[in-house]
Amino acid sequence: MKRLILTLLLATASFAPLSMAAAATAEGPTTIQQAAVTVHYRTVAVDGVNIFYREAGPKDGPVLLLLHGFPTSSHMFRNLIPLLADRYRVIAPDYPGFGESDAPDHAKFAYTFGHYADLVDGLLDKLGAKKYAMYVMDYGAPVGYRLALKHPDRVSALVVQNGNAYEEGLTAFWDPIKKYWADGSRNNREALSGLVTLETTKFQYTDGMSDLSRISPDNWVHDQALLDRPGNKDIQLDLFYDYRTNVPLYPQFQAFFRERKPPTLIVWGKNDKIFPAEGAHPYLRDLPDAEMHLLDTGHFALEDKLDVMAPMIHDFLDRKVLGDN
């Protein structure tokens, strides 16, 4: 009998790595069955710039494009990718100046959201991704929505996480940045230098989180090391200034929502001071059928609520994307 019990225990243990049990919630499925997944780390030249990206999942699966925010990179999706790559071809690029992509001198390269959208578009062409769902967060929202304006027929669905498309979402945090937008002066530019410091990077990962013990310090150590590279501060300040060009496009983004009605899941950290919940609610004006979940967490919600978000996203994609393929 002891030998039988030992055999059964060993058999059970051998299957344990193949599944991840998510915390039971009233907001979505409680379990993801996760087979072993290999994530590939690749670099492709697009218009003369080396773009790094993470890719996993079946080559013939529906494409899910993951677009990261500031000040991180595709690193923010490192834990999510394996949980979605059982059925989906997941592609997560780094923008120039972020992560492992090239970071050309800002005096010789246009660090703009329009340029980023063009480069992501070029990457997708090289990878043969002609239709895709998009997960947009922070900077990923204007990059992704600009891409949607270029190719509205290619967007199969949206997952929106703390990514703005409405002026209601530009609250007090943005006042110093708006001051810089108003005149582009050197003084107002330098006044934003604090946004690329360790203190601010750590704040973005810790403020508003429901459980700080879940947030690995590796996040801000990793991101800050890249922010502190020579020349990167100017790259980021250029992007802060160019963000102003996204605001006049908000009506076009909203028209895309109304006219194309992409299936949309909104999973938003409601305690975020950078992109607060005031920016989440207006989506329902243009996407009344969107599924909205305001989570008790902050800016980088995946670090705190992966066990809630991953099953929710997987279920949404299964219903809205996989069912159409």
# chains A, B, ... in the order shown; residues from 1 in each chain; ligands from 1

call {"tool": "residues_around", "arguments": {"residues": "Phe316 in chain A", "least_positions_apart": "5", "cutoff": "9 Å", "atoms": "only C-alpha atoms", "output": "PyMOL selection string"}}
result
chain A and resi 159+263-265+291+311+321

call {"tool": "closest_atom_pairs", "arguments": {"of": "range 228-268 of chain A", "to": "range 85-107 of chain A", "cutoff": "7 Å", "atoms": "only C-alpha atoms", "output": "Markdown table"}}
result
| residue | atom | partner | partner_atom | distance |
| --- | --- | --- | --- | --- |
| A:Gly231 | CA | A:Asp105 | CA | 6.9 |
| A:Asn232 | CA | A:Gly97 | CA | 6.8 |
| A:Asp234 | CA | A:His106 | CA | 6.8 |
| A:Ile235 | CA | A:His106 | CA | 5.7 |

call {"tool": "closest_residue", "arguments": {"among": "A:Thr197, A:Ser156, A:Thr43, A:Gln224", "to": "Leu127 in chain A", "atoms": "only C-alpha atoms"}}
result
A:Thr43

call {"tool": "select_by_dssp", "arguments": {"residues": "range 48-87 of chain A", "states": "strand (DSSP E)", "output": "JSON, numbers by chain"}}
result
{"A": [49, 50, 51, 52, 53, 54, 55, 56, 63, 64, 65, 66, 67]}

call {"tool": "atom_distance", "arguments": {"atom1": "CA of Gly122 in chain A", "atom2": "CA of Arg146 in chain A"}}
result
13.3 Å

call {"tool": "atom_distance", "arguments": {"atom1": "CA of Thr112 in chain A", "atom2": "CA of Asp183 in chain A"}}
result
17.5 Å

call {"tool": "atom_distance", "arguments": {"atom1": "CA of His314 in chain A", "atom2": "CA of Arg54 in chain A"}}
result
18.4 Å

call {"tool": "closest_residue", "arguments": {"among": "A:Gly169, A:Gly184, A:Gly163, A:Gly128", "to": "Val267 in chain A", "atoms": "only C-alpha atoms"}}
result
A:Gly163

call {"tool": "select_by_dssp", "arguments": {"residues": "range 172-252 of chain A", "states": "helix (DSSP H, G or I)", "output": "CSV table (one decimal) with N, CA and C atoms, in the first residue's frame"}}
result
chain,number,residue,atom,x,y,z
A,172,ALA,N,-4.2,65.3,-13.2
A,172,ALA,CA,-3.2,66.2,-12.6
A,172,ALA,C,-1.7,65.8,-12.9
A,173,PHE,N,-1.5,64.5,-12.9
A,173,PHE,CA,-0.1,64.0,-13.2
A,173,PHE,C,0.4,64.6,-14.5
A,174,TRP,N,-0.4,64.9,-15.4
A,174,TRP,CA,0.0,65.4,-16.7
A,174,TRP,C,0.3,66.9,-16.8
A,175,ASP,N,0.0,67.6,-15.8
A,175,ASP,CA,0.1,69.1,-15.8
A,175,ASP,C,1.5,69.5,-16.2
A,176,PRO,N,2.6,69.0,-15.5
A,176,PRO,CA,3.9,69.5,-15.9
A,176,PRO,C,4.3,69.1,-17.4
A,177,ILE,N,3.7,68.0,-17.8
A,177,ILE,CA,4.0,67.5,-19.2
A,177,ILE,C,3.3,68.5,-20.2
A,178,LYS,N,2.0,68.8,-19.8
A,178,LYS,CA,1.3,69.7,-20.7
A,178,LYS,C,2.0,71.1,-20.7
A,179,LYS,N,2.6,71.5,-19.6
A,179,LYS,CA,3.3,72.8,-19.6
A,179,LYS,C,4.5,72.7,-20.6
A,180,TYR,N,5.1,71.6,-20.7
A,180,TYR,CA,6.2,71.4,-21.7
A,180,TYR,C,5.6,71.4,-23.1
A,181,TRP,N,4.5,70.8,-23.3
A,181,TRP,CA,3.9,70.8,-24.6
A,181,TRP,C,3.6,72.2,-25.1
A,182,ALA,N,3.3,73.1,-24.2
A,182,ALA,CA,2.8,74.4,-24.5
A,182,ALA,C,3.9,75.2,-25.2
A,183,ASP,N,5.2,75.0,-24.8
A,183,ASP,CA,6.2,75.9,-25.5
A,183,ASP,C,7.5,75.1,-25.8
A,186,ARG,N,13.5,74.7,-23.0
A,186,ARG,CA,14.5,73.9,-22.3
A,186,ARG,C,14.2,73.8,-20.8
A,187,ASN,N,13.7,74.8,-20.2
A,187,ASN,CA,13.4,74.8,-18.8
A,187,ASN,C,12.3,73.8,-18.5
A,188,ASN,N,11.2,73.8,-19.3
A,188,ASN,CA,10.1,72.9,-19.1
A,188,ASN,C,10.5,71.5,-19.4
A,189,ARG,N,11.4,71.3,-20.3
A,189,ARG,CA,12.0,70.0,-20.7
A,189,ARG,C,12.7,69.4,-19.5
A,190,GLU,N,13.6,70.2,-18.9
A,190,GLU,CA,14.5,69.7,-17.8
A,190,GLU,C,13.7,69.5,-16.6
A,193,SER,N,12.9,65.9,-15.8
A,193,SER,CA,14.0,65.0,-15.6
A,193,SER,C,13.7,64.0,-14.5
A,194,GLY,N,12.9,64.4,-13.5
A,194,GLY,CA,12.6,63.5,-12.4
A,194,GLY,C,11.8,62.3,-12.9
A,195,LEU,N,11.1,62.3,-14.0
A,195,LEU,CA,10.3,61.2,-14.5
A,195,LEU,C,11.2,60.0,-15.0
A,196,VAL,N,12.5,60.2,-15.1
A,196,VAL,CA,13.4,59.1,-15.5
A,196,VAL,C,14.3,58.7,-14.4
A,198,LEU,N,15.2,56.8,-10.6
A,198,LEU,CA,14.8,55.5,-9.9
A,198,LEU,C,13.6,55.7,-9.0
A,199,GLU,N,13.5,56.9,-8.4
A,199,GLU,CA,12.4,57.1,-7.5
A,199,GLU,C,11.0,57.0,-8.2
A,200,THR,N,11.0,57.6,-9.4
A,200,THR,CA,9.7,57.6,-10.2
A,200,THR,C,9.5,56.2,-10.8
A,201,THR,N,10.6,55.5,-11.3
A,201,THR,CA,10.4,54.2,-11.8
A,201,THR,C,9.8,53.3,-10.7
A,202,LYS,N,10.4,53.3,-9.5
A,202,LYS,CA,9.9,52.5,-8.5
A,202,LYS,C,8.5,52.8,-8.1
A,203,PHE,N,8.1,54.1,-8.1
A,203,PHE,CA,6.8,54.6,-7.8
A,203,PHE,C,5.8,53.9,-8.8
A,204,GLN,N,6.2,53.9,-10.1
A,204,GLN,CA,5.2,53.3,-11.1
A,204,GLN,C,4.9,51.8,-10.8
A,205,TYR,N,5.8,51.1,-10.2
A,205,TYR,CA,5.6,49.7,-9.9
A,205,TYR,C,5.0,49.5,-8.5
A,206,THR,N,5.0,50.4,-7.7
A,206,THR,CA,4.6,50.2,-6.3
A,206,THR,C,3.3,50.9,-5.9
A,212,LEU,N,2.2,44.6,-2.2
A,212,LEU,CA,3.5,44.9,-2.5
A,212,LEU,C,4.5,43.7,-2.5
A,213,SER,N,4.1,42.7,-1.8
A,213,SER,CA,5.0,41.5,-1.7
A,213,SER,C,5.0,40.8,-3.0
A,214,ARG,N,4.1,41.1,-3.9
A,214,ARG,CA,4.1,40.4,-5.2
A,214,ARG,C,5.0,41.1,-6.2
A,218,ASP,N,13.2,43.5,-9.1
A,218,ASP,CA,13.9,43.3,-10.4
A,218,ASP,C,13.3,44.3,-11.5
A,219,ASN,N,12.0,44.6,-11.3
A,219,ASN,CA,11.4,45.4,-12.3
A,219,ASN,C,12.0,46.8,-12.4
A,220,TRP,N,12.1,47.5,-11.3
A,220,TRP,CA,12.6,48.9,-11.4
A,220,TRP,C,14.1,48.9,-11.6
A,221,VAL,N,14.8,47.8,-11.1
A,221,VAL,CA,16.3,47.7,-11.3
A,221,VAL,C,16.6,47.5,-12.8
A,222,HIS,N,15.8,46.7,-13.4
A,222,HIS,CA,16.0,46.4,-14.8
A,222,HIS,C,15.7,47.6,-15.7
A,223,ASP,N,14.5,48.3,-15.4
A,223,ASP,CA,14.1,49.4,-16.2
A,223,ASP,C,15.0,50.6,-16.0
A,224,GLN,N,15.5,50.8,-14.8
A,224,GLN,CA,16.3,52.0,-14.5
A,224,GLN,C,17.7,51.8,-15.1
A,225,ALA,N,18.2,50.6,-15.2
A,225,ALA,CA,19.5,50.4,-15.8
A,225,ALA,C,19.4,50.8,-17.3
A,226,LEU,N,18.3,50.6,-17.9
A,226,LEU,CA,18.2,51.0,-19.3
A,226,LEU,C,17.9,52.5,-19.5
A,227,LEU,N,17.2,53.0,-18.6
A,227,LEU,CA,16.9,54.5,-18.6
A,227,LEU,C,18.3,55.2,-18.4
A,232,ASN,N,19.8,58.1,-23.1
A,232,ASN,CA,18.5,57.7,-23.0
A,232,ASN,C,17.5,58.7,-22.4
A,233,LYS,N,18.0,59.5,-21.5
A,233,LYS,CA,17.2,60.6,-21.0
A,233,LYS,C,16.6,61.5,-22.1
A,234,ASP,N,17.4,61.9,-23.0
A,234,ASP,CA,17.0,62.7,-24.1
A,234,ASP,C,15.9,62.0,-25.0
A,235,ILE,N,16.1,60.7,-25.1
A,235,ILE,CA,15.1,59.9,-25.9
A,235,ILE,C,13.8,60.0,-25.2
A,236,GLN,N,13.8,59.8,-23.9
A,236,GLN,CA,12.5,59.8,-23.1
A,236,GLN,C,11.9,61.2,-23.1
A,237,LEU,N,12.7,62.3,-23.0
A,237,LEU,CA,12.2,63.6,-23.0
A,237,LEU,C,11.6,64.0,-24.4
A,238,ASP,N,12.2,63.5,-25.5
A,238,ASP,CA,11.6,63.7,-26.8
A,238,ASP,C,10.3,63.0,-26.9
A,239,LEU,N,10.1,61.9,-26.3
A,239,LEU,CA,8.8,61.2,-26.3
A,239,LEU,C,7.8,61.9,-25.5
A,240,PHE,N,8.2,62.4,-24.3
A,240,PHE,CA,7.2,63.2,-23.5
A,240,PHE,C,6.7,64.3,-24.4
A,241,TYR,N,7.5,65.0,-25.1
A,241,TYR,CA,7.1,66.1,-25.9
A,241,TYR,C,6.2,65.6,-27.1
A,242,ASP,N,6.6,64.5,-27.7
A,242,ASP,CA,5.8,64.1,-28.9
A,242,ASP,C,4.4,63.5,-28.4
A,243,TYR,N,4.3,63.1,-27.2
A,243,TYR,CA,3.0,62.6,-26.7
A,243,TYR,C,1.9,63.6,-27.0
A,244,ARG,N,2.2,64.9,-27.1
A,244,ARG,CA,1.2,65.9,-27.4
A,244,ARG,C,0.5,65.6,-28.7
A,245,THR,N,1.2,64.9,-29.7
A,245,THR,CA,0.6,64.7,-31.0
A,245,THR,C,-0.4,63.6,-31.0
A,246,ASN,N,-0.5,62.9,-29.9
A,246,ASN,CA,-1.5,61.8,-29.8
A,246,ASN,C,-2.9,62.4,-29.5
A,247,VAL,N,-2.9,63.5,-28.7
A,247,VAL,CA,-4.2,64.0,-28.2
A,247,VAL,C,-5.1,64.5,-29.3
A,248,PRO,N,-4.6,65.2,-30.4
A,248,PRO,CA,-5.5,65.6,-31.5
A,248,PRO,C,-6.0,64.4,-32.3
A,249,LEU,N,-5.4,63.2,-32.1
A,249,LEU,CA,-5.8,62.0,-32.8
A,249,LEU,C,-6.9,61.3,-32.0
A,250,TYR,N,-7.2,61.7,-30.7
A,250,TYR,CA,-8.2,61.0,-29.9
A,250,TYR,C,-9.5,60.9,-30.6
A,251,PRO,N,-10.0,61.9,-31.3
A,251,PRO,CA,-11.3,61.8,-32.0
A,251,PRO,C,-11.2,60.7,-33.1
A,252,GLN,N,-10.1,60.6,-33.8
A,252,GLN,CA,-10.0,59.5,-34.8
A,252,GLN,C,-9.9,58.1,-34.1

call {"tool": "residues_around", "arguments": {"residues": "Leu66 in chain A", "least_positions_apart": "4", "cutoff": "12 Å", "atoms": "only C-alpha atoms", "output": "count of residues only"}}
result
39

call {"tool": "closest_residue", "arguments": {"among": "A:Tyr283, A:Trp268, A:Phe70, A:Phe275", "to": "Thr297 in chain A", "atoms": "only C-alpha atoms"}}
result
A:Trp268

call {"tool": "residues_around", "arguments": {"residues": "Glu168 in chain A", "least_positions_apart": "6", "cutoff": "8 Å", "atoms": "only C-alpha atoms", "output": "number ranges by chain"}}
result
A: 278-279, 282

call {"tool": "closest_residue", "arguments": {"among": "A:Phe300, A:Phe52, A:Phe257, A:Phe113", "to": "Ile274 in chain A", "atoms": "only C-alpha atoms"}}
result
A:Phe300

call {"tool": "closest_residue", "arguments": {"among": "A:Thr38, A:Ser185, A:Asn162, A:Thr171", "to": "Leu67 in chain A", "atoms": "only C-alpha atoms"}}
result
A:Asn162
